[in-house]
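Undergrad: Got a structure for you, query-v9.cif, holding mmCIF, C-alpha atoms and all ligand atoms.
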```
data_input
#
loop_
_atom_site.label_atom_id
_atom_site.label_comp_id
_atom_site.auth_asym_id
_atom_site.auth_seq_id
_atom_site.Cartn_x
_atom_site.Cartn_y
_atom_site.Cartn_z
CA MET A 1 -46.78 0.39 -33.26
CA PRO A 2 -50.27 1.55 -34.11
CA ARG A 3 -51.74 3.40 -31.18
CA ILE A 4 -55.30 2.69 -30.30
CA ASP A 5 -57.64 5.53 -31.14
CA ILE A 6 -59.83 5.78 -28.07
CA GLU A 7 -62.19 8.34 -29.60
CA SER A 8 -63.18 6.17 -32.51
CA LEU A 9 -63.39 3.14 -30.29
CA GLU A 10 -65.84 4.97 -28.10
CA ASP A 11 -67.80 6.01 -31.17
CA GLU A 12 -68.12 2.41 -32.11
CA TRP A 13 -69.12 1.35 -28.65
CA GLU A 14 -71.88 3.89 -28.80
CA GLU A 15 -73.57 1.79 -31.46
CA ASP A 16 -73.77 -1.31 -29.36
CA HIS A 17 -73.07 -0.28 -25.84
CA HIS A 18 -75.81 2.04 -24.66
CA LEU A 19 -74.86 2.10 -21.04
CA LEU A 20 -71.40 3.34 -21.76
CA SER A 21 -72.57 6.00 -24.17
CA GLN A 22 -75.18 7.27 -21.71
CA ARG A 23 -72.59 7.65 -19.05
CA ARG A 24 -70.32 9.31 -21.50
CA ARG A 25 -72.67 12.22 -21.99
CA SER A 26 -72.29 13.35 -18.40
CA ASP A 27 -68.70 12.32 -17.95
CA PRO A 28 -66.03 12.07 -20.64
CA LEU A 29 -64.86 8.52 -20.18
CA SER A 30 -61.72 8.43 -22.19
CA GLN A 31 -59.68 7.09 -19.31
CA ALA A 32 -62.40 4.64 -18.36
CA ALA A 33 -62.63 3.43 -21.95
CA LYS A 34 -58.88 3.03 -22.00
CA ASP A 35 -59.00 1.01 -18.80
CA ARG A 36 -61.64 -1.22 -20.32
CA ILE A 37 -59.42 -2.02 -23.27
CA GLU A 38 -56.61 -2.86 -20.93
CA ASP A 39 -58.97 -5.17 -19.04
CA TYR A 40 -59.59 -7.25 -22.12
CA ASP A 41 -57.62 -10.43 -22.28
CA GLU A 42 -55.04 -11.31 -24.83
CA GLY A 43 -55.57 -13.53 -27.81
CA ARG A 44 -53.33 -14.73 -30.59
CA ILE A 45 -54.08 -14.55 -34.30
CA VAL A 46 -53.96 -18.03 -35.85
CA ALA A 47 -55.26 -17.37 -39.38
CA VAL A 48 -55.62 -14.40 -41.70
CA ASP A 49 -57.34 -14.87 -45.01
CA LYS A 50 -58.54 -11.95 -47.11
CA GLY A 51 -59.19 -9.77 -44.09
CA GLN A 52 -60.91 -12.55 -42.15
CA VAL A 53 -59.10 -13.38 -38.98
CA ARG A 54 -59.29 -16.21 -36.48
CA VAL A 55 -58.09 -15.69 -32.98
CA LEU A 56 -57.06 -18.11 -30.27
CA PHE A 57 -58.82 -16.83 -27.18
CA GLU A 58 -59.21 -18.67 -23.88
CA GLY A 59 -58.43 -21.98 -25.53
CA GLU A 60 -60.91 -21.56 -28.37
CA ILE A 61 -60.43 -20.48 -31.95
CA LEU A 62 -62.95 -17.78 -32.82
CA PRO A 63 -63.70 -15.83 -35.99
CA ALA A 64 -63.15 -12.16 -35.20
CA ARG A 65 -63.77 -8.71 -36.56
CA PHE A 66 -61.72 -5.57 -36.15
CA SER A 67 -63.02 -2.77 -34.02
CA GLY A 68 -63.42 0.51 -35.90
CA ALA A 69 -60.22 1.80 -34.37
CA MET A 70 -58.25 -1.06 -35.90
CA ARG A 71 -59.14 -0.19 -39.48
CA GLY A 72 -55.99 0.06 -41.56
CA THR A 73 -54.00 -2.16 -39.19
CA LYS A 74 -52.61 -5.25 -40.84
CA LEU A 75 -52.70 -8.27 -38.58
CA VAL A 76 -50.60 -11.32 -39.27
CA VAL A 77 -50.54 -14.85 -37.90
CA GLY A 78 -48.89 -14.89 -34.49
CA ASP A 79 -49.98 -11.37 -33.55
CA ARG A 80 -50.90 -10.82 -29.93
CA VAL A 81 -54.07 -8.79 -29.63
CA ARG A 82 -56.61 -7.72 -27.07
CA VAL A 83 -59.97 -9.31 -27.67
CA ARG A 84 -63.44 -8.23 -26.65
CA PRO A 85 -65.23 -11.56 -26.33
CA PRO A 86 -68.56 -12.18 -28.10
CA ARG A 87 -71.45 -10.90 -25.97
CA HIS A 88 -74.14 -13.26 -27.21
CA GLU A 89 -74.48 -16.26 -29.48
CA THR A 90 -74.55 -14.43 -32.79
CA ASP A 91 -71.94 -11.85 -31.80
CA GLU A 92 -68.36 -12.07 -33.03
CA ALA A 93 -65.21 -11.45 -31.09
CA ARG A 94 -63.65 -8.03 -31.72
CA ILE A 95 -59.98 -7.31 -32.00
CA VAL A 96 -59.51 -4.02 -30.15
CA GLU A 97 -55.76 -3.59 -29.95
CA LEU A 98 -52.61 -4.93 -31.53
CA LEU A 99 -49.91 -5.57 -28.94
CA ALA A 100 -46.22 -5.00 -29.59
CA ARG A 101 -44.51 -7.64 -31.73
CA GLU A 102 -41.57 -9.36 -30.06
CA THR A 103 -40.24 -11.00 -33.20
CA VAL A 104 -41.08 -10.53 -36.87
CA LEU A 105 -40.23 -12.38 -40.02
CA LEU A 106 -40.06 -9.65 -42.67
CA ARG A 107 -39.64 -10.07 -46.36
CA THR A 108 -39.64 -7.78 -49.37
CA ALA A 109 -40.48 -8.93 -52.90
CA ASP A 110 -36.92 -8.25 -53.96
CA ASP A 111 -33.86 -6.50 -52.59
CA ALA A 112 -34.53 -3.28 -54.48
CA LEU A 113 -37.95 -2.78 -52.93
CA ASP A 114 -38.95 -1.70 -49.50
CA ASP A 115 -42.46 -3.18 -49.74
CA GLU A 116 -41.85 -4.88 -46.45
CA ARG A 117 -44.36 -7.53 -45.44
CA VAL A 118 -44.57 -9.24 -42.10
CA VAL A 119 -44.86 -12.96 -42.79
CA VAL A 120 -45.46 -13.96 -39.17
CA ALA A 121 -45.14 -12.26 -35.79
CA ASN A 122 -43.95 -13.51 -32.41
CA ALA A 123 -42.67 -16.85 -33.70
CA ASP A 124 -39.72 -18.36 -31.86
CA THR A 125 -38.28 -20.27 -34.76
CA VAL A 126 -38.23 -20.23 -38.54
CA ALA A 127 -38.00 -23.69 -40.07
CA VAL A 128 -36.61 -23.38 -43.57
CA VAL A 129 -37.75 -26.33 -45.66
CA LEU A 130 -35.47 -27.27 -48.57
CA ALA A 131 -35.94 -30.09 -51.04
CA ALA A 132 -33.10 -32.62 -50.81
CA ASP A 133 -32.83 -32.75 -54.60
CA TYR A 134 -32.42 -28.95 -54.98
CA LEU A 135 -29.94 -28.06 -52.30
CA ASP A 136 -27.81 -25.69 -54.39
CA VAL A 137 -30.63 -23.26 -54.98
CA GLY A 138 -32.05 -24.10 -51.58
CA THR A 139 -29.04 -23.11 -49.52
CA ARG A 140 -28.88 -19.68 -51.16
CA PHE A 141 -32.49 -19.20 -50.12
CA LEU A 142 -31.67 -20.51 -46.64
CA ASP A 143 -28.81 -18.03 -46.28
CA ARG A 144 -31.23 -15.19 -47.00
CA VAL A 145 -33.86 -16.44 -44.56
CA MET A 146 -31.22 -16.89 -41.85
CA VAL A 147 -30.46 -13.19 -42.19
CA ALA A 148 -34.16 -12.27 -42.01
CA ALA A 149 -34.66 -14.54 -38.98
CA SER A 150 -31.68 -13.02 -37.21
CA VAL A 151 -32.87 -9.48 -37.97
CA GLY A 152 -36.33 -10.36 -36.64
CA GLY A 153 -35.08 -12.07 -33.48
CA MET A 154 -35.73 -15.73 -34.31
CA ASP A 155 -33.72 -18.94 -34.49
CA THR A 156 -33.46 -20.87 -37.73
CA VAL A 157 -33.98 -24.61 -38.04
CA LEU A 158 -33.15 -26.32 -41.31
CA CYS A 159 -35.40 -29.09 -42.56
CA ILE A 160 -34.07 -31.01 -45.56
CA ASN A 161 -37.21 -32.72 -46.89
CA LYS A 162 -37.90 -35.17 -49.74
CA VAL A 163 -34.86 -37.17 -48.74
CA ASP A 164 -36.58 -40.25 -50.20
CA LEU A 165 -35.88 -38.77 -53.64
CA VAL A 166 -32.10 -38.86 -53.38
CA GLU A 167 -30.11 -42.08 -53.50
CA ASP A 168 -26.71 -40.65 -52.73
CA ARG A 169 -27.01 -38.73 -49.49
CA SER A 170 -23.52 -37.29 -49.43
CA THR A 171 -24.67 -33.79 -50.43
CA VAL A 172 -27.42 -33.88 -47.80
CA ALA A 173 -24.87 -34.89 -45.17
CA GLU A 174 -22.44 -32.19 -46.27
CA VAL A 175 -25.07 -29.44 -46.15
CA ALA A 176 -26.33 -30.67 -42.77
CA ALA A 177 -22.78 -30.59 -41.35
CA ARG A 178 -22.14 -27.12 -42.80
CA TYR A 179 -25.11 -25.59 -40.99
CA GLU A 180 -24.75 -27.64 -37.81
CA ALA A 181 -21.27 -26.18 -37.50
CA MET A 182 -22.92 -22.76 -37.29
CA GLY A 183 -25.22 -23.93 -34.52
CA VAL A 184 -28.28 -24.47 -36.73
CA ARG A 185 -30.46 -27.49 -35.89
CA VAL A 186 -30.84 -29.67 -38.95
CA GLU A 187 -33.51 -32.32 -39.50
CA VAL A 188 -33.60 -34.60 -42.52
CA THR A 189 -37.14 -35.67 -43.37
CA SER A 190 -39.50 -37.25 -45.82
CA ALA A 191 -43.16 -36.33 -45.67
CA GLU A 192 -43.65 -39.28 -47.99
CA THR A 193 -42.10 -42.07 -45.89
CA GLY A 194 -42.30 -40.39 -42.47
CA GLU A 195 -38.53 -40.47 -41.97
CA GLY A 196 -37.25 -37.89 -39.51
CA LEU A 197 -40.69 -36.60 -38.51
CA ASP A 198 -40.38 -37.58 -34.85
CA ALA A 199 -37.09 -35.73 -34.58
CA LEU A 200 -38.59 -32.69 -36.34
CA ALA A 201 -41.55 -32.75 -33.95
CA GLN A 202 -39.18 -32.72 -30.99
CA VAL A 203 -37.58 -29.53 -32.26
CA LEU A 204 -40.99 -27.86 -32.35
CA THR A 205 -41.89 -28.68 -28.74
CA GLY A 206 -43.16 -25.72 -26.75
CA CYS A 207 -42.51 -23.21 -29.55
CA TRP A 208 -44.20 -21.29 -32.33
CA THR A 209 -42.43 -22.31 -35.49
CA THR A 210 -43.12 -21.00 -38.95
CA PHE A 211 -42.33 -23.03 -42.04
CA THR A 212 -40.95 -21.17 -44.99
CA GLY A 213 -39.51 -22.30 -48.31
CA HIS A 214 -39.93 -22.34 -52.03
CA SER A 215 -43.18 -23.58 -53.47
CA GLY A 216 -43.38 -27.36 -53.72
CA VAL A 217 -40.71 -28.28 -51.15
CA GLY A 218 -43.30 -29.98 -48.97
CA LYS A 219 -44.17 -27.47 -46.23
CA THR A 220 -47.85 -28.36 -46.22
CA SER A 221 -47.13 -32.09 -46.56
CA LEU A 222 -45.00 -31.89 -43.39
CA PHE A 223 -47.64 -29.76 -41.67
CA ASN A 224 -50.32 -32.34 -42.47
CA ARG A 225 -48.16 -35.18 -41.16
CA LEU A 226 -47.47 -33.30 -37.93
CA VAL A 227 -51.03 -31.99 -37.51
CA PRO A 228 -53.11 -34.79 -39.04
CA GLU A 229 -56.45 -32.99 -38.62
CA ALA A 230 -55.14 -30.04 -40.67
CA GLY A 231 -56.00 -31.68 -43.99
CA ARG A 232 -54.60 -28.79 -46.03
CA ALA A 233 -54.33 -29.07 -49.79
CA VAL A 234 -50.94 -30.11 -51.12
CA GLY A 235 -49.67 -29.50 -54.62
CA GLU A 236 -50.20 -32.24 -57.13
CA ILE A 237 -47.15 -32.30 -59.31
CA GLY A 238 -48.29 -32.16 -62.91
CA ARG A 239 -51.59 -30.48 -62.27
CA PHE A 240 -50.41 -27.41 -60.43
CA GLY A 241 -46.76 -28.06 -61.07
CA GLY A 242 -46.27 -27.73 -57.32
CA ARG A 243 -46.53 -23.97 -57.59
CA HIS A 244 -48.15 -21.93 -54.86
CA THR A 245 -50.69 -24.40 -53.60
CA THR A 246 -50.98 -22.72 -50.22
CA VAL A 247 -52.32 -19.18 -50.38
CA SER A 248 -52.63 -18.09 -46.77
CA ALA A 249 -50.77 -18.57 -43.51
CA ARG A 250 -52.29 -20.68 -40.80
CA ALA A 251 -51.19 -21.76 -37.33
CA MET A 252 -52.21 -25.04 -35.74
CA LEU A 253 -51.44 -26.69 -32.43
CA ILE A 254 -49.82 -30.08 -31.94
CA PRO A 255 -51.39 -30.63 -28.51
CA ALA A 256 -49.08 -33.43 -27.32
CA LEU A 257 -46.06 -31.16 -27.86
CA ASP A 258 -47.64 -27.82 -27.02
CA ALA A 259 -46.17 -26.75 -30.36
CA TRP A 260 -47.72 -24.23 -32.72
CA LEU A 261 -46.83 -24.66 -36.32
CA VAL A 262 -47.42 -22.07 -39.03
CA ASP A 263 -47.81 -23.18 -42.65
CA THR A 264 -47.14 -20.33 -45.08
CA PRO A 265 -47.45 -19.95 -48.85
CA GLY A 266 -44.31 -20.76 -50.83
CA VAL A 267 -42.19 -17.81 -51.92
CA ARG A 268 -39.98 -17.40 -54.94
CA SER A 269 -37.47 -15.14 -53.23
CA PHE A 270 -36.83 -13.68 -49.83
CA GLY A 271 -35.94 -10.03 -50.32
CA LEU A 272 -34.02 -8.18 -47.63
CA GLY A 273 -34.82 -4.77 -49.07
CA THR A 274 -34.72 -2.83 -45.82
CA LEU A 275 -31.30 -4.00 -44.67
CA ARG A 276 -28.24 -1.76 -45.09
CA PRO A 277 -25.12 -3.39 -46.58
CA GLU A 278 -23.07 -2.64 -43.48
CA GLU A 279 -25.59 -4.51 -41.32
CA LEU A 280 -25.35 -7.75 -43.26
CA ALA A 281 -22.28 -9.26 -41.59
CA ASP A 282 -23.92 -8.99 -38.16
CA HIS A 283 -26.44 -11.58 -39.37
CA PHE A 284 -23.91 -14.10 -40.66
CA PRO A 285 -22.94 -15.84 -37.41
CA GLU A 286 -19.47 -16.76 -38.70
CA LEU A 287 -18.79 -13.12 -39.62
CA ALA A 288 -20.37 -11.70 -36.50
CA ALA A 289 -18.01 -13.88 -34.46
CA LEU A 290 -15.05 -12.58 -36.41
CA ASP A 291 -13.23 -9.99 -34.39
CA CYS A 292 -12.34 -7.74 -37.24
CA GLY A 293 -11.29 -4.71 -35.27
CA LEU A 294 -12.46 -2.40 -38.05
CA ASP A 295 -15.65 -0.39 -37.67
CA ASP A 296 -18.42 -1.20 -40.14
CA CYS A 297 -16.09 -3.54 -42.03
CA LEU A 298 -17.71 -5.19 -45.03
CA HIS A 299 -14.96 -7.85 -45.04
CA GLU A 300 -14.07 -7.27 -48.64
CA GLY A 301 -10.32 -7.11 -48.37
CA GLU A 302 -10.11 -3.80 -46.51
CA PRO A 303 -6.59 -3.29 -45.17
CA GLY A 304 -6.50 -4.82 -41.70
CA CYS A 305 -9.60 -7.01 -42.20
CA VAL A 306 -9.11 -10.46 -40.69
CA LEU A 307 -11.44 -12.30 -43.08
CA ARG A 308 -9.60 -14.77 -45.29
CA ASP A 309 -11.23 -16.75 -48.05
CA THR A 310 -10.87 -19.82 -45.89
CA THR A 311 -12.65 -18.38 -42.84
CA LEU A 312 -16.06 -19.28 -44.23
CA HIS A 313 -17.43 -22.20 -46.17
CA PRO A 314 -17.06 -21.15 -49.85
CA ALA A 315 -20.79 -21.34 -50.44
CA ARG A 316 -21.48 -19.15 -47.44
CA LEU A 317 -18.87 -16.66 -48.55
CA GLU A 318 -20.47 -16.61 -51.98
CA SER A 319 -23.89 -16.03 -50.42
CA TYR A 320 -22.49 -13.18 -48.37
CA ARG A 321 -20.89 -11.56 -51.40
CA ARG A 322 -23.98 -11.98 -53.55
CA LEU A 323 -26.19 -10.51 -50.84
CA LEU A 324 -23.82 -7.65 -50.24
CA ALA A 325 -23.78 -6.83 -53.95
CA ALA A 326 -27.58 -7.01 -54.14
CA LEU A 327 -28.08 -4.78 -51.10
CA ARG A 328 -25.54 -2.31 -52.36
CA GLU A 329 -27.15 -2.12 -55.75
CA ALA A 330 -30.50 -1.50 -54.09
CA ALA A 331 -29.20 1.12 -51.65
N1 LIG B 401 -41.26 -37.74 -52.70
C1 LIG B 401 -41.68 -36.81 -51.86
N2 LIG B 401 -42.63 -35.95 -52.24
C2 LIG B 401 -43.03 -35.01 -51.34
C3 LIG B 401 -42.48 -34.90 -50.05
N3 LIG B 401 -43.06 -33.84 -49.43
C4 LIG B 401 -43.94 -33.33 -50.29
N4 LIG B 401 -43.95 -34.01 -51.45
C5 LIG B 401 -44.76 -33.75 -52.65
O1 LIG B 401 -44.38 -32.48 -53.17
C6 LIG B 401 -45.51 -31.80 -53.71
C7 LIG B 401 -45.65 -30.41 -53.11
O2 LIG B 401 -45.92 -30.55 -51.73
P1 LIG B 401 -46.60 -29.39 -50.85
O3 LIG B 401 -46.66 -29.90 -49.45
O4 LIG B 401 -47.85 -28.90 -51.44
O5 LIG B 401 -45.50 -28.24 -50.97
P2 LIG B 401 -45.54 -26.77 -50.32
O6 LIG B 401 -44.14 -26.46 -49.89
O7 LIG B 401 -46.59 -26.67 -49.29
O8 LIG B 401 -45.90 -25.85 -51.59
P3 LIG B 401 -46.65 -24.39 -51.60
O9 LIG B 401 -47.87 -24.48 -50.76
O10 LIG B 401 -46.94 -24.14 -53.04
O11 LIG B 401 -45.65 -23.42 -51.07
C8 LIG B 401 -46.70 -32.73 -53.44
O12 LIG B 401 -46.93 -33.50 -54.61
C9 LIG B 401 -46.23 -33.62 -52.32
O13 LIG B 401 -46.86 -34.87 -52.31
C10 LIG B 401 -41.46 -35.84 -49.69
O14 LIG B 401 -40.89 -35.82 -48.59
N5 LIG B 401 -41.10 -36.77 -50.63
MG MG B 402 -48.17 -25.44 -49.09
ZN ZN B 403 -13.43 -7.22 -41.88
#
```
Could you render the structure as structure tokens?
TA:
Amino acid sequence: MPRIDIESLEDEWEEDHHLLSQRRRSDPLSQAAKDRIEDYDEGRIVAVDKGQVRVLFEGEILPARFSGAMRGTKLVVGDRVRVRPPRHETDEARIVELLARETVLLRTADDALDDERVVVANADTVAVVLAADYLDVGTRFLDRVMVAASVGGMDTVLCINKVDLVEDRSTVAEVAARYEAMGVRVEVTSAETGEGLDALAQVLTGCWTTFTGHSGVGKTSLFNRLVPEAGRAVGEIGRFGGRHTTVSARAMLIPALDAWLVDTPGVRSFGLGTLRPEELADHFPELAALDCGLDDCLHEGEPGCVLRDTTLHPARLESYRRLLAALREAA
């Protein structure tokens, strides 16, 4: 965690805080300055766009600047921070300290890179949105995000959207049952017809949930239905081809549910570049529950390994093997 640099914070205060700097000349106030920072109340970052941040502070959403000491710190939506409130009408709130992150959703561009990016911090749940008419590709993506969510300390919820586009729902039902068997909450929705939205909203109650998914699956459409005043742009198929309509993350409150929802830009892949191959099985609940008895077993037919091809759903086993191969190649 970035430590706050009291010296440079004091330097900055000197510019706009004469009283403090006068006192400082006679008495080095490092401890006092530190105490002041600790006196500042907490806020929560709700939007980050090209270095501009918005912070939820005492029930209001304020534009905010970084204090000098925060330069070089990357804040993400969901971050808990200490905020120096605006002092007068034209003043802006200042972010003076980043507080420790309890959960993180991390992603790398691909498995061979360690260009780790925090997508969102301190969320309780990751809602993976898949399009009902692309579940094959979708579930492979889901299996990756479930690993990232588990690594970062979050639950996964599966939202199968665009269900209005499929006539035969047997695949949707099969996929839903597959993940429900692992303890994942599954909601089947249509942002077009409104089907399943009440049930999805219930899942969000009292939590910070971040939507993630490929571009065009309907994350923003769902967000707009759940937070009607959001009015975020959605992709127009044909014009943008549904590709990367949303460019920055944003959190909004559904007041009736005390639920914070984070809309994020679509991603092509969800790299797990910082995970070691031997850690992977811990983040597949079916494998973690397997009492293998072997240390650091990769469950690849090692003598004594209890994994049989029938222990896992074939698609999950395939995901595990693909991921293992990718992580090994990258290692
Ligand atoms: N038929 C149907 N179309 C939908 C549904 N949800 C979204 N769409 C359409 O799918 C397109 C893409 O929707 P978006 O909400 O922009 O998708 P997104 O996941 O936010 O995409 P990015 O911001 O690029 O990541 C738009 O044309 C939506 O109208 C749905 O449930 N059914
Ligand atoms: Mg979007
Ligand atoms: Zn094993």
Undergrad: Hey, which residues come within 6 Å of ligand LIG 401 (chain B) if we count all atoms listed in the file? Could you give them as a PyMOL selection string?
TA: chain A and resi 161-162+164-165+190-192+214-221+234-237+242-246+265-266
Undergrad: Considering all atoms listed in the file, state which residue in the set A:Phe270, A:Phe223, A:Trp260, A:Phe284 is at the smallest distance from ligand MG 402 (chain B).
TA: A:Phe223
Undergrad: Identify, on the basis of only C-alpha atoms, every residue whose closest approach to Asp136 (chain A) does not exceed 10 Å; exclude the query and any residue fewer than 4 positions from it along the same chain; express the result as a list of chain:residue names.
TA: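 Selected residues are A:Leu130, A:Ala131, A:Ala132, A:Arg140, A:Phe141, A:Thr171, A:Val175, A:Ala315.
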Undergrad: Could you list, as a list in words, every residue within 8 Å of Asp41 (chain A), counting all atoms listed in the file and ignoring same-chain residues fewer than 6 positions away?
TA: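 Within the cut-off, the hits are Arg82, Val83 and Arg84 of chain A.
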Undergrad: For CA of Ala121 (chain A) and CA of Thr90 (chain A), determine how far apart the two atoms are, in Å to one decimal place.
TA: 29.6 Å
